[in-house]
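Heads up, final_7.txt below (compact mmCIF, C-alpha atoms):
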# COMPACT_ATOMS: atom_id res chain seq x y z
CA MET A 536 -37.32 5.50 -28.45
CA LYS A 537 -40.65 4.06 -27.24
CA ILE A 538 -38.82 1.35 -25.28
CA LEU A 539 -36.63 3.95 -23.56
CA GLN A 540 -39.70 6.04 -22.67
CA SER A 541 -41.40 2.94 -21.24
CA ALA A 542 -38.25 2.02 -19.29
CA PHE A 543 -38.04 5.52 -17.82
CA ALA A 544 -41.74 5.48 -16.89
CA GLY A 545 -41.14 2.08 -15.24
CA LEU A 546 -38.16 3.37 -13.25
CA VAL A 547 -40.13 6.35 -11.93
CA ALA A 548 -43.17 4.17 -11.14
CA GLY A 549 -40.90 1.56 -9.51
CA LEU A 550 -39.26 4.20 -7.32
CA ILE A 551 -42.70 5.41 -6.18
CA LEU A 552 -43.78 1.83 -5.39
CA SER A 553 -40.56 0.96 -3.55
CA LEU A 554 -40.71 4.18 -1.50
CA LEU A 555 -44.29 3.32 -0.49
CA ALA A 556 -43.38 -0.31 0.27
CA SER A 557 -40.37 0.68 2.39
CA ARG A 558 -42.66 2.76 4.64
CA SER A 559 -43.98 -0.52 6.05
CA ILE A 560 -41.29 -1.83 8.40
CA TRP A 561 -42.77 -5.35 8.27
CA LEU A 562 -42.47 -5.41 4.46
CA GLU A 563 -39.15 -3.56 4.43
CA MET A 564 -37.56 -6.16 6.74
CA ARG A 565 -38.81 -9.07 4.63
CA ILE A 566 -38.38 -8.21 0.97
CA ASN A 567 -35.93 -6.26 -1.17
CA THR A 568 -38.18 -3.25 -1.79
CA GLY A 569 -35.66 -1.87 -4.29
CA LEU A 570 -36.43 -4.83 -6.58
CA LEU A 571 -39.68 -3.05 -7.49
CA LEU A 572 -37.58 -0.67 -9.64
CA PRO A 573 -36.28 -3.19 -12.22
CA LEU A 574 -39.53 -5.18 -12.01
CA ALA A 575 -41.64 -2.11 -12.84
CA ALA A 576 -39.26 -1.20 -15.70
CA VAL A 577 -39.54 -4.72 -17.17
CA CYS A 578 -43.35 -4.61 -16.85
CA THR A 579 -43.66 -1.22 -18.58
CA ILE A 580 -41.32 -2.29 -21.41
CA LEU A 581 -43.28 -5.51 -21.98
CA THR A 582 -46.70 -3.80 -21.87
CA GLY A 583 -45.58 -0.66 -23.73
CA PHE A 584 -46.88 1.57 -20.91
CA PRO A 585 -47.88 4.37 -21.28
CA ALA A 586 -49.65 3.50 -24.54
CA ARG A 587 -51.14 7.00 -25.03
CA ARG A 588 -50.27 10.51 -23.81
CA LYS A 589 -46.73 9.40 -22.97
CA ARG A 590 -45.42 12.85 -22.05
CA SER A 591 -48.20 13.86 -19.69
CA CYS A 592 -48.23 10.41 -18.09
CA ILE A 593 -44.47 10.37 -17.39
CA LEU A 594 -44.49 13.99 -16.18
CA GLY A 595 -47.42 13.12 -13.89
CA LEU A 596 -45.42 10.20 -12.43
CA GLU A 597 -42.42 12.48 -11.87
CA VAL A 598 -44.57 15.07 -10.06
CA LEU A 599 -46.03 12.28 -7.90
CA LEU A 600 -42.50 11.05 -7.05
CA VAL A 601 -41.31 14.54 -6.05
CA LEU A 602 -44.43 15.08 -3.88
CA LEU A 603 -43.98 11.67 -2.22
CA LEU A 604 -40.31 12.41 -1.44
CA LEU A 605 -41.15 15.82 -0.02
CA VAL A 606 -44.06 14.55 2.08
CA THR A 607 -41.98 11.64 3.44
CA TYR A 608 -38.59 13.26 3.99
CA GLY A 609 -39.33 16.98 3.87
CA PHE A 610 -36.72 19.34 2.47
CA ASP A 611 -33.80 17.34 3.94
CA PRO A 612 -31.28 17.20 1.05
CA ARG A 613 -29.28 14.42 2.77
CA ALA A 614 -32.36 12.16 2.83
CA LEU A 615 -33.17 12.96 -0.80
CA LEU A 616 -29.62 12.03 -1.80
CA VAL A 617 -29.48 8.85 0.28
CA VAL A 618 -32.87 7.06 0.18
CA PRO A 619 -33.56 6.87 -3.61
CA ALA A 620 -29.89 5.92 -4.18
CA ALA A 621 -30.13 3.17 -1.53
CA LEU A 622 -33.30 1.74 -3.14
CA PHE A 623 -31.67 1.83 -6.59
CA ARG A 624 -28.51 0.17 -5.21
CA GLU A 625 -30.52 -2.63 -3.58
CA GLY A 626 -32.81 -3.14 -6.56
CA PHE A 627 -30.01 -3.42 -9.12
CA PHE A 628 -27.60 -5.21 -6.72
CA LEU A 629 -24.96 -2.48 -7.01
CA GLN A 630 -23.64 -2.85 -3.46
CA ALA A 631 -20.09 -2.26 -4.67
CA CYS A 632 -21.00 1.30 -5.74
CA ASP A 633 -21.06 4.19 -3.27
CA SER A 634 -24.04 6.55 -3.10
CA ARG A 635 -22.20 9.23 -5.11
CA SER A 636 -21.85 6.89 -8.11
CA ILE A 637 -25.46 5.74 -7.75
CA ASN A 638 -26.64 9.35 -7.66
CA GLY A 639 -24.61 9.95 -10.84
CA ILE A 640 -26.43 7.05 -12.54
CA LEU A 641 -29.80 8.34 -11.26
CA ALA A 642 -29.05 11.86 -12.53
CA GLY A 643 -28.08 10.39 -15.92
CA CYS A 644 -31.37 8.43 -16.08
CA LEU A 645 -33.31 11.55 -15.13
CA ILE A 646 -31.64 13.73 -17.79
CA LEU A 647 -31.96 11.05 -20.50
CA GLY A 648 -35.55 10.24 -19.55
CA ASN A 649 -36.65 13.87 -19.58
CA SER A 650 -34.81 14.59 -22.83
CA LEU A 651 -36.96 11.84 -24.40
CA LEU A 652 -40.03 13.88 -23.49
CA ILE A 653 -38.91 16.85 -25.62
CA PRO A 654 -40.77 16.60 -28.97
CA GLY A 655 -38.43 15.90 -31.90
CA PRO A 656 -38.43 17.87 -35.22
CA ALA A 657 -40.65 15.22 -36.87
CA ALA A 658 -43.30 15.59 -34.14
CA VAL A 659 -43.18 19.40 -34.43
CA ARG A 660 -43.57 19.18 -38.26
CA HIS A 661 -46.51 16.78 -37.85
CA TRP A 662 -48.17 19.10 -35.32
CA ARG A 663 -47.72 22.13 -37.63
CA ARG A 664 -49.10 20.18 -40.62
CA ARG A 665 -52.18 19.17 -38.64
CA ARG A 666 -52.70 22.76 -37.52
CA THR A 667 -52.48 24.02 -41.11
CA ALA A 668 -54.81 21.29 -42.40
CA PHE A 669 -57.51 22.09 -39.88
CA GLY A 670 -56.98 25.84 -40.17
CA PRO A 671 -57.61 28.45 -37.47
CA ARG A 672 -60.50 27.90 -35.05
CA THR A 673 -63.76 29.51 -36.17
CA ASP A 674 -66.03 28.43 -33.33
CA ARG A 675 -65.13 31.47 -31.18
CA PRO A 676 -66.51 34.97 -31.83
CA ASP A 677 -64.07 37.43 -33.28
CA PRO A 678 -62.89 39.65 -30.37
CA SER A 679 -61.94 42.54 -32.70
CA PRO A 680 -64.52 45.35 -32.88
CA MET B 757 22.06 16.61 40.21
CA LYS B 758 18.62 17.45 41.68
CA MET B 759 17.26 17.93 38.15
CA LEU B 760 18.98 14.78 36.81
CA MET B 761 17.32 12.32 39.21
CA PRO B 762 13.68 12.96 38.16
CA MET B 763 14.74 12.85 34.50
CA ILE B 764 16.38 9.43 34.97
CA ALA B 765 13.26 8.22 36.79
CA LEU B 766 11.09 9.47 33.90
CA LEU B 767 13.30 7.70 31.34
CA LEU B 768 12.99 4.45 33.31
CA LEU B 769 9.20 4.80 33.41
CA LEU B 770 8.77 5.56 29.67
CA PRO B 771 9.01 1.96 28.34
CA THR B 772 6.48 0.82 30.95
CA ARG B 773 4.02 3.56 29.93
CA SER B 774 4.34 2.74 26.21
CA ALA B 775 3.71 -0.93 26.97
CA PHE B 776 0.46 0.01 28.71
CA SER B 777 -0.69 2.46 26.06
CA GLU B 778 -0.10 -0.02 23.20
CA THR B 779 -3.24 -0.01 21.08
CA PRO B 780 -4.85 -3.34 20.18
CA PRO B 781 -4.67 -4.37 16.47
CA LEU B 782 -7.37 -2.75 14.34
CA PRO B 783 -9.41 -4.64 11.74
CA THR B 784 -8.41 -4.08 8.11
CA LYS B 785 -9.88 -5.09 4.73
CA ASP B 786 -7.65 -8.18 4.74
CA THR B 787 -8.47 -9.01 8.39
CA PRO B 788 -11.97 -7.56 8.90
CA ILE B 789 -12.34 -8.99 12.41
CA VAL B 790 -9.81 -9.01 15.27
CA CYS B 791 -9.96 -10.31 18.86
CA ASP B 792 -8.07 -8.95 21.81
CA LYS B 793 -8.20 -11.64 24.48
CA ALA B 794 -6.44 -9.46 27.07
CA ALA B 795 -8.90 -6.58 26.67
CA ARG B 796 -11.78 -9.05 25.99
CA THR B 797 -12.81 -7.20 22.84
CA VAL B 798 -13.85 -8.15 19.32
CA SER B 799 -13.68 -5.48 16.61
CA PHE B 800 -14.96 -5.75 13.05
CA LEU B 801 -15.33 -3.54 9.99
CA ALA B 802 -18.71 -2.33 8.76
CA GLN B 803 -20.16 0.29 6.42
CA VAL B 804 -22.84 2.83 7.26
CA ASN B 805 -26.18 2.38 5.46
CA GLY B 806 -27.62 5.91 5.45
CA LYS B 807 -31.09 4.66 4.47
CA TYR B 808 -31.79 3.77 8.10
CA PHE B 809 -31.15 7.31 9.30
CA TYR B 810 -34.56 8.04 7.77
CA GLN B 811 -36.58 4.88 8.33
CA PRO B 812 -36.81 2.34 11.15
CA THR B 813 -35.07 -1.05 11.22
CA ARG B 814 -34.62 -3.95 13.62
CA HIS B 815 -31.03 -4.67 12.58
CA PHE B 816 -27.95 -2.91 13.91
CA ALA B 817 -25.30 -4.84 11.98
CA VAL B 818 -25.77 -7.55 9.34
CA SER B 819 -23.12 -9.29 7.26
CA ALA B 820 -23.05 -7.88 3.72
CA SER B 821 -23.03 -11.46 2.39
CA GLY B 822 -26.28 -12.35 4.20
CA SER B 823 -29.80 -12.05 2.78
CA ASN B 824 -30.49 -9.15 5.19
CA GLY B 825 -27.22 -7.38 4.28
CA ASP B 826 -29.00 -4.19 3.21
CA LYS B 827 -31.51 -4.13 6.08
CA ALA B 828 -29.22 -2.83 8.84
CA ILE B 829 -27.78 0.48 10.01
CA LEU B 830 -24.32 -1.10 9.51
CA ARG B 831 -23.36 -3.50 6.71
CA GLY B 832 -20.85 -5.84 8.38
CA LEU B 833 -17.81 -6.91 6.37
CA VAL B 834 -17.51 -10.15 8.33
CA SER B 835 -19.50 -13.40 8.31
CA ALA B 836 -21.83 -14.41 11.14
CA ILE B 837 -19.78 -17.59 11.70
CA ASP B 838 -16.47 -15.69 12.11
CA PHE B 839 -18.19 -13.22 14.45
CA HIS B 840 -19.62 -16.05 16.59
CA ASN B 841 -16.24 -17.79 16.80
CA ALA B 842 -14.46 -14.54 17.71
CA LEU B 843 -16.87 -13.98 20.61
CA LEU B 844 -16.22 -17.52 21.89
CA GLU B 845 -12.48 -16.83 21.61
CA ILE B 846 -12.65 -13.91 24.07
CA GLY B 847 -14.53 -16.08 26.57
CA ALA B 848 -18.14 -15.01 25.91
CA VAL B 849 -20.83 -17.55 26.81
CA ALA B 850 -23.83 -17.96 24.50
CA GLY B 851 -27.30 -17.93 26.06
CA GLU B 852 -28.86 -20.28 23.48
CA ASN B 853 -32.31 -19.66 24.99
CA MET B 854 -34.08 -18.29 21.88
CA SER B 855 -36.09 -20.42 19.46
CA PRO B 856 -38.63 -19.62 16.70
CA GLU B 857 -41.35 -20.88 19.09
CA ASN B 858 -40.52 -18.74 22.16
CA LYS B 859 -39.06 -15.67 20.40
CA GLU B 860 -41.98 -13.33 21.12
CA VAL B 861 -42.05 -13.97 24.87
CA THR B 862 -38.35 -14.50 25.64
CA HIS B 863 -35.56 -12.01 26.34
CA VAL B 864 -32.17 -13.12 24.99
CA GLN B 865 -29.64 -14.40 27.55
CA GLY B 866 -25.84 -14.78 27.42
CA SER B 867 -22.73 -12.72 28.05
CA ALA B 868 -23.37 -8.97 27.93
CA PHE B 869 -21.27 -6.48 25.94
CA THR B 870 -20.69 -2.78 25.65
CA VAL B 871 -20.77 -1.84 21.98
CA ARG B 872 -18.84 1.11 20.56
CA VAL B 873 -18.51 2.48 17.05
CA SER B 874 -15.51 4.48 15.82
CA TRP B 875 -14.33 5.75 12.45
CA GLU B 876 -11.55 7.82 10.91
CA GLY B 877 -12.00 11.42 11.99
CA ALA B 878 -14.30 10.64 14.93
CA ASP B 879 -13.30 12.54 18.07
CA ARG B 880 -13.99 9.46 20.23
CA PRO B 881 -15.66 6.04 20.05
CA TYR B 882 -19.45 6.39 20.34
CA GLY B 883 -21.60 4.02 22.39
CA ILE B 884 -24.46 2.13 20.76
CA ASP B 885 -27.00 4.26 22.66
CA GLU B 886 -25.53 7.33 20.94
CA VAL B 887 -25.52 5.94 17.39
CA VAL B 888 -28.96 4.30 17.58
CA ILE B 889 -32.11 6.27 18.38
CA ASP B 890 -34.56 4.24 20.49
CA SER B 891 -37.97 5.99 20.43
CA ASN B 892 -38.53 4.82 24.05
CA LYS B 893 -35.05 6.06 25.09
CA LYS B 894 -34.34 2.73 26.84
CA PRO B 895 -30.69 1.60 27.01
CA ILE B 896 -29.69 -1.12 24.53
CA GLN B 897 -28.50 -4.32 26.26
CA MET B 898 -26.56 -6.44 23.79
CA LYS B 899 -26.24 -10.12 24.79
CA PHE B 900 -24.60 -13.12 23.15
CA GLY B 901 -27.55 -15.26 22.09
CA GLY B 902 -25.40 -17.67 20.05
CA ASN B 903 -27.90 -19.16 17.55
CA LEU B 904 -25.16 -20.38 15.21
CA ALA B 905 -27.26 -23.30 13.89
CA ASN B 906 -30.15 -20.97 12.98
CA ALA B 907 -27.73 -18.40 11.51
CA LYS B 908 -26.20 -21.06 9.22
CA LYS B 909 -29.64 -22.42 8.26
CA MET B 910 -31.29 -19.05 7.52
CA ASN B 911 -28.17 -17.31 6.07
CA THR B 912 -29.58 -13.87 6.99
CA GLY B 913 -26.12 -12.63 8.05
CA CYS B 914 -27.52 -11.10 11.27
CA LEU B 915 -24.71 -10.03 13.63
CA LEU B 916 -26.37 -7.62 16.09
CA CYS B 917 -30.17 -7.27 16.22
CA LEU B 918 -32.09 -4.52 18.00
CA ASP B 919 -34.61 -6.89 19.64
CA SER B 920 -34.16 -10.43 21.06
CA CYS B 921 -33.60 -12.68 18.07
CA PRO B 922 -33.45 -16.46 17.48
CA VAL B 923 -31.11 -15.97 14.49
CA GLY B 924 -28.86 -13.00 15.35
CA ILE B 925 -25.56 -13.86 17.04
CA VAL B 926 -25.90 -10.93 19.47
CA SER B 927 -29.18 -9.14 20.18
CA ASN B 928 -30.83 -6.57 22.41
CA SER B 929 -32.41 -8.16 25.48
CA GLN B 930 -34.37 -4.96 26.24
CA TYR B 931 -37.14 -6.04 23.82
CA THR B 932 -38.58 -9.38 22.74
CA TYR B 933 -38.86 -10.33 19.06
CA GLY B 934 -41.64 -8.48 17.25
CA ALA B 935 -41.45 -5.34 19.42
CA ILE B 936 -40.21 -3.32 16.44
CA GLU B 937 -41.80 -4.72 13.29
CA LYS B 938 -44.93 -6.48 14.57
CA ARG B 939 -46.19 -4.84 17.75
CA GLY B 940 -44.73 -1.36 17.11
CA GLU B 941 -43.63 -0.95 20.75
CA VAL B 942 -40.52 0.94 19.66
CA GLU B 943 -38.81 2.44 16.61
CA MET B 944 -35.06 2.20 16.08
CA ARG B 945 -33.02 4.14 13.54
CA GLY B 946 -29.45 5.34 13.03
CA ASN B 947 -28.56 8.71 14.54
CA LYS B 948 -27.67 10.91 11.56
CA ALA B 949 -26.39 13.61 13.91
CA VAL B 950 -23.67 11.27 15.22
CA LEU B 951 -22.90 8.64 12.56
CA PRO B 952 -20.77 9.51 9.50
CA PRO B 953 -22.36 9.63 5.99
CA ASP B 954 -23.64 6.66 4.00
CA GLY B 955 -20.87 4.33 2.84
CA THR B 956 -18.29 5.33 5.50
CA THR B 957 -16.30 2.43 6.92
CA VAL B 958 -16.55 2.14 10.70
CA ILE B 959 -15.13 -0.17 13.38
CA VAL B 960 -17.61 -1.85 15.71
CA THR B 961 -16.07 -2.99 19.00
CA LEU B 962 -17.76 -5.32 21.47
CA GLN B 963 -16.25 -5.51 24.95
CA LEU B 964 -17.22 -8.35 27.24
CA LEU B 965 -18.63 -7.06 30.52
Please express what this file holds, its structure, as structure tokens.
Amino acid sequence: MKILQSAFAGLVAGLILSLLASRSIWLEMRINTGLLLPLAAVCTILTGFPARRKRSCILGLEVLLVLLLLVTYGFDPRALLVVPAALFREGFFLQACDSRSINGILAGCLILGNSLLIPGPAAVRHWRRRRTAFGPRTDRPDPSP
Amino acid sequence: MKMLMPMIALLLLLPTRSAFSETPPLPTKDTPIVCDKAARTVSFLAQVNGKYFYQPTRHFAVSASGSNGDKAILRGLVSAIDFHNALLEIGAVAGENMSPENKEVTHVQGSAFTVRVSWEGADRPYGIDEVVIDSNKKPIQMKFGGNLANAKKMNTGCLLCLDSCPVGIVSNSQYTYGAIEKRGEVEMRGNKAVLPPDGTTVIVTLQLL
């Protein structure tokens, strides 16, 4: 579970980095900017990133990615369907796949990754137990007259 | 009888017309590059890379097997060596005037070509100036640089470059090397309003001028 969360965080971070790198034509013409995707995923798995506040960290990365895509390509749906898929295809050497298949894989990753952020029943039970143990907050004045 | 004579004349002319309108062989997956010596054309198969509709590049067509295979508007399905040999076959003469030392101050020389791109469903073949957007709006002048030794050594797969190149087999003599990625004199990208979507197979035809 933790490894999958780290891998997803790495993929999102890698996509942000490769989008930024591909904005430099000098860099784009010299290196495979898509390679930053698997490299970032490997790094986050090995380091266990994010170590704390996993949900907020991954959601923050996703918001950053969406903002970057919108700032760079605007609301052009064709660009949003083509550019991330092209970077993913290059990074994972999936040249035999068309962009529709790559977008399918990306959508799958996105659904799986976000489903990992939903707290499981064990986490909810733990949260409820903690709430009961500490009891209701008493540091605020009672609003009732 | 008056009606019969023109009809006989038309029937006699028909075989001659069909002989003239015979289309040259088209490249296929098994034969991705074809030469037509009579028409002095070379045609090869390529795939559209939609990424370069949205960001600039200095490559028009690069062989998919080369290290720069994903850096071009079109991913060529033919090797640089086969492309070079096909151009020699139609009588093109390589300029061979580019080197890594002079690349930034030299315009590529050699036989000039008109370049057209066509695909299934296209209403007509489109010229390179229609499928590539040059931010300076200067016409693209593709010339046969040659550079086979460098192409074999570097294995970049470059077929047609958008500025004069010491590695690309054919390149644009309008700009010297570095105009796009180093000096920022111009930006080149695929024309999304004309080219078909990412992944579509197209035929690139070079005609010797």
Which of B:Phe816, B:Tyr808, B:Phe800, B:Trp875 sits closest to chain A [using all atoms listed in the file]: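 Between B:Phe816, B:Tyr808, B:Phe800, B:Trp875, the residue approaching chain A most closely is B:Tyr808.
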Residues of chain A near chain B: apply a cut-off of 8 Å, count only C-alpha atoms, and supply the list as a ChimeraX atom specification. /A:558,560-561,563-564,608,614,617-618,621,625,633-634
If you count all atoms listed in the file, which residues fall within 7 Å of Pro922 of chain B, apart from same-chain ones fewer than 5 positions away, as a PyMOL selection string? chain B and resi 854-856+859+903
Separating atom CA of Met944 of chain B from atom CA of Leu918 of chain B, to the nearest tenth of an Å, is a gap of 7.6 Å
Spatial neighbours of Ser799 of chain B, max dist 6 Å, all atoms listed in the file, sep filter under 2 positions, as a short mmCIF file (atom, residue, chain, number, x, y, z; two decimals) with C-alpha atoms, keeping the file's coordinate frame:
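Done, and the output landed in out-v4.cif:
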data_model
loop_
_atom_site.label_atom_id
_atom_site.label_comp_id
_atom_site.auth_asym_id
_atom_site.auth_seq_id
_atom_site.Cartn_x
_atom_site.Cartn_y
_atom_site.Cartn_z
CA ILE B 789 -12.34 -8.99 12.41
CA VAL B 790 -9.81 -9.01 15.27
CA VAL B 960 -17.61 -1.85 15.71
CA THR B 961 -16.07 -2.99 19.00
#
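Excluding segment 566-576 of chain A itself and same-chain residues fewer than 3 positions from it, the residues having an atom within 6 Å of it are A:Ala542, A:Gly545, A:Leu546, A:Gly549, A:Leu550, A:Ser553, A:Glu563, A:Thr579, A:Leu622, A:Phe623, A:Glu625, A:Gly626, counting all atoms listed in the file.
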Quote the spacing between atom CA of Val798 of chain B and atom CA of Leu964 of chain B in Å to one decimal place.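 Atom CA of Val798 of chain B sits 8.6 Å away from atom CA of Leu964 of chain B.
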For atom CA of Ser819 of chain B and atom CA of Ile925 of chain B, determine how far apart the two atoms are, in Å to one decimal place.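 Taking atom CA of Ser819 of chain B and atom CA of Ile925 of chain B, their separation equals 11.1 Å.
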For Thr787 of chain B: contacts at 12 Å, only C-alpha atoms, fewer than 2 positions along chain excluded, given as a list in words: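 Near Thr787 of chain B, the qualifying residues are Pro781, Leu782, Pro783, Thr784, Lys785, Ile789, Val790, Cys791, Ser799, Phe800, Leu801, Leu833, Val834, Ser835 and Asp838 of chain B.
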Taking every listed atom of segment 937-950 of chain B and adding 3 Å to each side, what centre and edge lengths in Å (one decimal) does the axis-aligned box have, as JSON?
{"center_x": -34.9, "center_y": 3.6, "center_z": 16.2, "size_x": 28.5, "size_y": 26.1, "size_z": 15.2}
Show me the residues close to (-22.3, -19.0, 27.7) - anything with an atom within 9 Å, counting all atoms listed in the file - and format the list as a list in words. Leu844, Gly847, Ala848, Val849, Ala850, Gly851, Glu852, Gln865, Gly866, Ser867, Phe900, Gly901 and Gly902 of chain B
For Leu605 of chain A, work out the shell of residues within 10 Å, counting all atoms listed in the file and skipping chain neighbours fewer than 6 positions away, then give it as a list of chain:residue names.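 Neighbouring residues, sequence-local ones excluded: A:Leu599, A:Asp611, A:Ala614, A:Leu615.
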Which residue gives the smallest distance to Cys592 of chain A among A:Leu645, A:Leu555, A:Ala631, A:Ala544, with only C-alpha atoms counted? A:Ala544
